[in-house]
$ cat entry-v9.txt   # compact mmCIF, C-alpha atoms
# COMPACT_ATOMS: atom_id res chain seq x y z
CA MET O 58 -1.44 -24.35 -124.92
CA LYS O 59 0.98 -24.59 -122.02
CA THR O 60 1.11 -27.47 -119.60
CA SER O 61 1.35 -26.67 -115.93
CA MET O 62 0.85 -28.70 -112.86
CA SER O 63 -2.55 -28.67 -111.11
CA LEU O 64 -2.98 -27.77 -107.46
CA LEU O 65 -5.43 -30.60 -106.91
CA SER O 66 -2.90 -33.24 -105.88
CA ILE O 67 -1.67 -30.98 -103.13
CA LEU O 68 -4.63 -32.32 -101.20
CA GLY O 69 -3.05 -35.78 -101.07
CA ILE O 70 0.08 -34.32 -99.55
CA LEU O 71 -2.01 -32.26 -97.18
CA LEU O 72 -3.96 -35.31 -96.00
CA ILE O 73 -0.66 -36.95 -95.05
CA CYS O 74 0.39 -33.74 -93.34
CA ALA O 75 -2.91 -33.53 -91.49
CA THR O 76 -2.65 -37.16 -90.33
CA LEU O 77 0.81 -36.51 -88.95
CA ALA O 78 -0.38 -33.31 -87.33
CA VAL O 79 -3.22 -34.95 -85.43
CA SER O 80 -0.81 -37.36 -83.78
CA GLN O 81 1.38 -34.56 -82.45
CA GLN O 82 0.94 -32.91 -79.08
CA ASN O 83 2.44 -29.65 -80.29
CA PHE O 84 1.38 -28.49 -83.75
CA LYS O 85 4.02 -25.78 -83.72
CA GLN O 86 6.71 -28.40 -84.20
CA ILE O 87 5.27 -29.38 -87.58
CA ARG O 88 6.70 -27.56 -90.59
CA PRO O 89 4.21 -26.85 -93.40
CA ALA O 90 4.50 -29.32 -96.26
CA SER O 91 5.85 -28.01 -99.57
CA TRP O 92 3.27 -27.14 -102.16
CA GLU O 93 3.27 -29.48 -105.13
CA ILE O 94 1.60 -29.03 -108.49
CA PRO O 95 0.72 -32.03 -110.66
CA ALA O 96 -0.25 -32.08 -114.36
CA HIS O 97 -2.96 -29.75 -115.48
CA SER O 98 -3.31 -28.38 -118.98
CA GLY O 99 -5.38 -25.60 -120.51
CA ASN O 100 -5.36 -21.86 -120.83
CA LEU O 101 -5.13 -19.63 -117.81
CA GLN O 102 -8.60 -18.16 -118.13
CA SER O 103 -10.32 -21.54 -118.10
CA LEU O 104 -8.17 -22.82 -115.23
CA LEU O 105 -8.49 -19.85 -112.88
CA PRO O 106 -11.81 -20.83 -111.22
CA VAL O 107 -10.45 -24.32 -110.52
CA LEU O 108 -7.14 -22.96 -109.26
CA MET O 109 -8.88 -20.47 -106.99
CA GLN O 110 -11.01 -23.20 -105.44
CA ASP O 111 -7.88 -25.30 -104.96
CA VAL O 112 -6.24 -22.38 -103.18
CA ILE O 113 -9.14 -22.05 -100.76
CA ASN O 114 -9.31 -25.78 -100.05
CA THR O 115 -5.55 -26.14 -99.67
CA ARG O 116 -5.32 -23.26 -97.25
CA PHE O 117 -7.92 -24.81 -95.01
CA ALA O 118 -6.40 -28.26 -95.25
CA TYR O 119 -3.28 -26.72 -93.74
CA LEU O 120 -5.24 -24.90 -91.06
CA GLU O 121 -7.40 -27.84 -90.09
CA GLY O 122 -4.46 -30.22 -89.90
CA GLY O 123 -2.37 -27.83 -87.86
CA CYS O 124 0.30 -27.88 -90.57
CA ILE O 125 0.41 -24.15 -90.96
CA ILE O 126 1.29 -22.13 -87.90
CA SER O 127 -0.84 -19.18 -88.88
CA ALA O 128 -1.10 -17.46 -85.51
CA SER O 129 2.63 -17.63 -84.78
CA THR O 130 4.01 -16.87 -88.23
CA ILE O 131 1.77 -13.83 -88.62
CA PRO O 132 3.02 -10.96 -86.43
CA ALA O 133 1.13 -10.37 -83.22
CA SER O 134 -0.71 -7.17 -82.42
CA THR O 135 1.51 -4.27 -81.47
CA ALA O 136 -0.43 -3.84 -78.25
CA THR O 137 1.02 -5.56 -75.19
CA CYS O 138 -2.44 -6.53 -74.02
CA ASP O 139 -5.06 -6.62 -76.75
CA PRO O 140 -8.53 -5.95 -75.31
CA ASP O 141 -10.03 -6.95 -78.66
CA ALA O 142 -8.37 -10.37 -78.82
CA GLU O 143 -11.73 -12.11 -78.45
CA LEU O 144 -13.03 -10.25 -81.50
CA PHE O 145 -10.02 -11.38 -83.52
CA MET O 146 -10.41 -15.01 -82.45
CA LYS O 147 -14.13 -14.92 -83.27
CA ALA O 148 -13.29 -13.62 -86.75
CA LYS O 149 -10.63 -16.29 -87.21
CA GLY O 150 -13.10 -18.96 -86.12
CA HIS O 151 -15.56 -17.87 -88.82
CA PHE O 152 -12.69 -17.82 -91.32
CA GLU O 153 -11.64 -21.39 -90.56
CA ARG O 154 -15.27 -22.55 -90.89
CA TYR O 155 -15.50 -20.97 -94.37
CA GLU O 156 -17.95 -18.35 -93.06
CA PHE O 157 -16.27 -15.62 -95.03
CA GLU O 158 -19.01 -13.00 -94.82
CA LEU O 159 -19.04 -13.10 -91.01
CA ALA O 160 -15.26 -13.33 -90.88
CA MET O 161 -14.93 -10.29 -93.11
CA ARG O 162 -17.25 -8.21 -90.93
CA HIS O 163 -15.34 -9.04 -87.74
CA PHE O 164 -11.89 -8.64 -89.29
CA ARG O 165 -12.93 -5.26 -90.72
CA VAL O 166 -14.03 -4.06 -87.27
CA TYR O 167 -10.84 -5.36 -85.68
CA ASN O 168 -8.70 -3.80 -88.41
CA GLU O 169 -10.40 -0.44 -87.90
CA LEU O 170 -9.58 -0.66 -84.18
CA HIS O 171 -6.00 -1.77 -84.96
CA PRO O 172 -5.04 -0.20 -88.32
CA ASP O 173 -1.36 -1.15 -87.90
CA ASP O 174 -2.08 -4.80 -87.13
CA GLU O 175 -0.79 -6.91 -90.02
CA ARG O 176 -2.67 -10.07 -88.99
CA SER O 177 -6.10 -8.56 -89.37
CA ALA O 178 -5.16 -6.83 -92.63
CA PHE O 179 -3.97 -10.16 -94.03
CA TYR O 180 -7.04 -12.13 -92.94
CA LEU O 181 -9.38 -9.37 -94.10
CA ALA O 182 -7.74 -9.51 -97.54
CA LEU O 183 -8.17 -13.30 -97.64
CA THR O 184 -11.87 -13.06 -96.82
CA GLN O 185 -12.26 -10.53 -99.63
CA LEU O 186 -10.34 -12.79 -102.02
CA PHE O 187 -12.33 -15.89 -101.11
CA ARG O 188 -15.63 -14.01 -101.46
CA GLY O 189 -14.71 -12.78 -104.93
CA ALA O 190 -13.94 -9.13 -104.09
CA TYR O 191 -10.74 -9.41 -106.12
CA GLY O 192 -10.09 -5.70 -106.59
CA SER O 193 -10.33 -4.95 -102.86
CA ALA O 194 -8.21 -7.99 -101.98
CA THR O 195 -5.55 -7.03 -104.54
CA GLU O 196 -5.32 -3.47 -103.21
CA ARG O 197 -5.10 -4.55 -99.57
CA LEU O 198 -2.50 -7.25 -100.25
CA SER O 199 -0.48 -4.83 -102.38
CA GLN O 200 -0.33 -2.35 -99.51
CA LEU O 201 0.52 -5.09 -97.02
CA ASN O 202 3.23 -6.46 -99.33
CA LYS O 203 4.91 -3.04 -99.52
CA ARG O 204 4.66 -2.48 -95.77
CA VAL O 205 6.13 -5.82 -94.76
CA ALA O 206 8.78 -5.84 -97.52
CA LEU O 207 10.07 -2.42 -96.45
CA GLN O 208 10.58 -3.69 -92.91
CA SER O 209 13.23 -6.18 -94.13
CA ASN O 210 12.51 -8.24 -91.02
CA PRO O 211 13.98 -11.78 -91.31
CA THR O 212 11.33 -13.12 -88.92
CA LYS O 213 8.62 -12.14 -91.39
CA VAL O 214 10.00 -13.91 -94.48
CA GLU O 215 7.37 -16.67 -94.37
CA PHE O 216 4.60 -14.16 -93.73
CA LEU O 217 5.80 -12.08 -96.68
CA ASP O 218 5.71 -15.20 -98.87
CA ASP O 219 2.11 -15.84 -97.79
CA ILE O 220 1.18 -12.26 -98.64
CA ARG O 221 2.84 -12.48 -102.06
CA PHE O 222 1.21 -15.79 -102.95
CA TYR O 223 -2.31 -14.55 -102.22
CA PHE O 224 -1.48 -11.17 -103.79
CA ALA O 225 -0.53 -13.06 -106.97
CA MET O 226 -3.75 -15.06 -106.96
CA ALA O 227 -5.86 -11.96 -106.30
CA SER O 228 -4.08 -10.19 -109.16
CA LEU O 229 -4.80 -13.06 -111.52
CA MET O 230 -8.48 -12.88 -110.67
CA SER O 231 -8.64 -9.12 -111.28
CA THR O 232 -8.16 -7.15 -114.48
CA ASN O 233 -4.42 -6.46 -114.64
CA GLY O 234 -3.32 -9.79 -113.27
CA PRO O 235 -0.74 -11.73 -115.30
CA ARG O 236 2.06 -9.14 -115.27
CA ILE O 237 1.91 -8.54 -111.51
CA ALA O 238 1.35 -12.23 -110.73
CA ARG O 239 4.32 -13.29 -112.84
CA THR O 240 6.60 -10.93 -110.90
CA LEU O 241 5.30 -12.21 -107.56
CA PHE O 242 5.62 -15.88 -108.51
CA ARG O 243 9.21 -15.24 -109.60
CA GLN O 244 9.92 -13.73 -106.18
CA LEU O 245 8.41 -16.84 -104.56
CA ASN O 246 10.36 -19.25 -106.77
CA TYR O 247 13.45 -19.72 -104.64
CA ALA O 248 15.06 -22.89 -103.30
CA GLY O 249 13.45 -24.09 -100.09
CA GLY O 250 10.55 -21.66 -100.24
CA LYS O 251 7.09 -22.87 -99.25
CA TYR O 252 5.71 -21.79 -102.62
CA GLU O 253 8.68 -22.82 -104.78
CA HIS O 254 6.94 -25.66 -106.64
CA VAL O 255 3.60 -23.99 -107.13
CA SER O 256 5.38 -20.86 -108.36
CA LYS O 257 7.30 -22.79 -111.00
CA GLY O 258 4.07 -24.26 -112.31
CA MET O 259 2.32 -20.91 -112.34
CA ILE O 260 5.22 -19.20 -114.12
CA ASN O 261 5.04 -21.86 -116.84
CA LEU O 262 1.29 -21.36 -117.13
CA LEU O 263 1.66 -17.58 -117.32
$ encode --input "entry-v9.txt" --output "structure tokens"
Amino acid sequence: MKTSMSLLSILGILLICATLAVSQQNFKQIRPASWEIPAHSGNLQSLLPVLMQDVINTRFAYLEGGCIISASTIPASTATCDPDAELFMKAKGHFERYEFELAMRHFRVYNELHPDDERSAFYLALTQLFRGAYGSATERLSQLNKRVALQSNPTKVEFLDDIRFYFAMASLMSTNGPRIARTLFRQLNYAGGKYEHVSKGMINLL
């Protein structure tokens, strides 16, 4: 039995982050807090449901507190003027309210209208992941990971990290998970990375 660190105590850090965020006039000036993993022991299979719920809750703690600059760190639509912007914002609103079924429907429509838009592909994959469609989420995040990685765009480093983290979690929840997830967590385990600490814990668990 290996001992890792649990994601649950991240919430304490996030509450501090959220409190600081509320007092700021401009959320974009707030850098996302580092992920931390406290003690959690057990085998991977028994821990996965708990870890997945922690991932969902932690993501939304960041969003609700304004500590993650999701709209600005995720590349904007390639169109100069997006006539479907309202559709995207409606989908994102459902997403942030945990209404994943509605969010998925709207993001799918938007993504069909804008097949090259990386934002909608990312959010659509997250709705699939959070609804338990792990195979579909894994495939979509795998494709997005390859696309963004091949661009070698320094402005998308944080976005690529987000993709890889959720790709790793989706892989763990699907059939061929540990090998792919281990590789992704190793890529995320670099000094100063947003997912450095959580990746170390997950590598130990894997």
$ closest_atom_pairs --input "entry-v9.txt" --of "stretch 162-240 of chain O" --to "stretch 135-155 of chain O" --cutoff "7 Å" --atoms "all atoms listed in the file" --output "Markdown table"
| residue | atom | partner | partner_atom | distance |
| --- | --- | --- | --- | --- |
| O:His163 | CA | O:Ala148 | CA | 5.1 |
| O:Phe164 | CA | O:Ala148 | CA | 5.8 |
| O:Tyr167 | CA | O:Phe145 | CA | 6.4 |
| O:Asp174 | CA | O:Thr135 | CA | 6.7 |
$ closest_residue --input "entry-v9.txt" --among "O:Arg162, O:Ile220, O:Lys213, O:Tyr247" --to "O:Phe179" --atoms "all atoms listed in the file"
O:Ile220
$ residues_around --input "entry-v9.txt" --residues "O:Tyr191" --least-positions-apart "3" --cutoff "7 Å" --atoms "all atoms listed in the file" --output "PDB file with C-alpha atoms, keeping the file's coordinate frame"
ATOM      1  CA  GLN O 185     -12.260 -10.530 -99.630  1.00  0.00           C
ATOM      2  CA  LEU O 186     -10.340 -12.790-102.020  1.00  0.00           C
ATOM      3  CA  ALA O 194      -8.210  -7.990-101.980  1.00  0.00           C
ATOM      4  CA  THR O 195      -5.550  -7.030-104.540  1.00  0.00           C
ATOM      5  CA  ALA O 227      -5.860 -11.960-106.300  1.00  0.00           C
ATOM      6  CA  MET O 230      -8.480 -12.880-110.670  1.00  0.00           C
ATOM      7  CA  SER O 231      -8.640  -9.120-111.280  1.00  0.00           C
TER       8      SER O 231
END
$ atom_distance --input "entry-v9.txt" --atom1 "atom CA of O:Ser256" --atom2 "atom CA of O:Arg243"
6.9 Å
$ atom_distance --input "entry-v9.txt" --atom1 "atom CA of O:Tyr180" --atom2 "atom CA of O:Met161"
8.1 Å
$ atom_distance --input "entry-v9.txt" --atom1 "atom CA of O:Glu175" --atom2 "atom CA of O:Leu105"
27.4 Å
$ residues_near_point --input "entry-v9.txt" --point "(-4.2, -4.8, -93.0)" --cutoff "10 Å" --atoms "only C-alpha atoms" --output "ChimeraX atom specification"
/O:164-165,167-169,171-182,197-198,200-202,204
